[in-house]
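Quick notes on the structure that follows.
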Amino acid sequence: MQLGAYQQAYRVDWNTANVNGSRMLVNASVKRQLTELKKQQQSDLYFDLQDIILELRQQSKSDVRDVV
């Protein structure tokens, strides 16, 4: 997936992306940035029991006529 992104960003062929993309993944600052982005993505997708309870509570107080 990263190679496809590299190809799109730099408009290069697959072979060039394969060589240069691999180099970028070894770069410490690129690695750190990817790790941070993955953490952010996980926290955005994460929900807990409290979120579920809040959603169910809101649904239980809603009026079906509001939807129709």
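Each chain in the structure tokens gets a letter, A, B, ..., in the order shown, and its residues are numbered from 1; ligands are numbered from 1 in order too.
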
**OP:** Just the alpha helix (DSSP H) stuff from chain A, please, per backbone DSSP, written as a VMD selection string.
**Re:** chain A and resid 2 to 10 14 to 26 28 to 45 49 to 61 64 to 67

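For the pair CA of Trp14 in chain A and CA of Val26 in chain A, the interatomic distance is 18.4 Å.
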
Leaving out Tyr10 in chain A and any residue of its chain fewer than 6 positions from it, which residues lie within 12 Å of it when counting only C-alpha atoms, given as a compact mmCIF listing (two decimals) with N, CA and C atoms, in the first residue's frame?
# COMPACT_ATOMS: atom_id res chain seq x y z
N LEU A 3 3.76 1.58 -1.33
CA LEU A 3 4.35 1.76 -2.65
C LEU A 3 3.36 2.45 -3.58
N GLY A 4 2.10 2.08 -3.51
CA GLY A 4 1.08 2.74 -4.32
C GLY A 4 1.00 4.22 -4.00
N THR A 16 10.73 2.02 -9.47
CA THR A 16 11.28 3.17 -8.75
C THR A 16 10.65 3.29 -7.37
N ALA A 17 9.34 3.12 -7.30
CA ALA A 17 8.64 3.18 -6.01
C ALA A 17 9.11 2.07 -5.09
N ASN A 20 12.78 3.23 -3.86
CA ASN A 20 12.78 4.45 -3.04
C ASN A 20 11.81 4.36 -1.86
N GLY A 21 10.68 3.70 -2.06
CA GLY A 21 9.72 3.54 -0.97
C GLY A 21 10.31 2.74 0.17

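By only C-alpha atoms, and with residues fewer than 4 positions from Val19 in chain A along its chain excluded, the set lying at most 12 Å from it is Gln2, Leu3, Tyr6, Gln7, Val12, Asp13, Trp14, Asn15, Arg23, Met24, Leu25 and Val26 of chain A.
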
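As for CA of Leu34 in chain A and CA of Ala5 in chain A, they are spaced 12.9 Å apart.
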
**OP:** One decimal, Å: what's the distance from CA of Gln33 in chain A over to CA of Asp48 in chain A, could you say?
**Re:** 26.0 Å
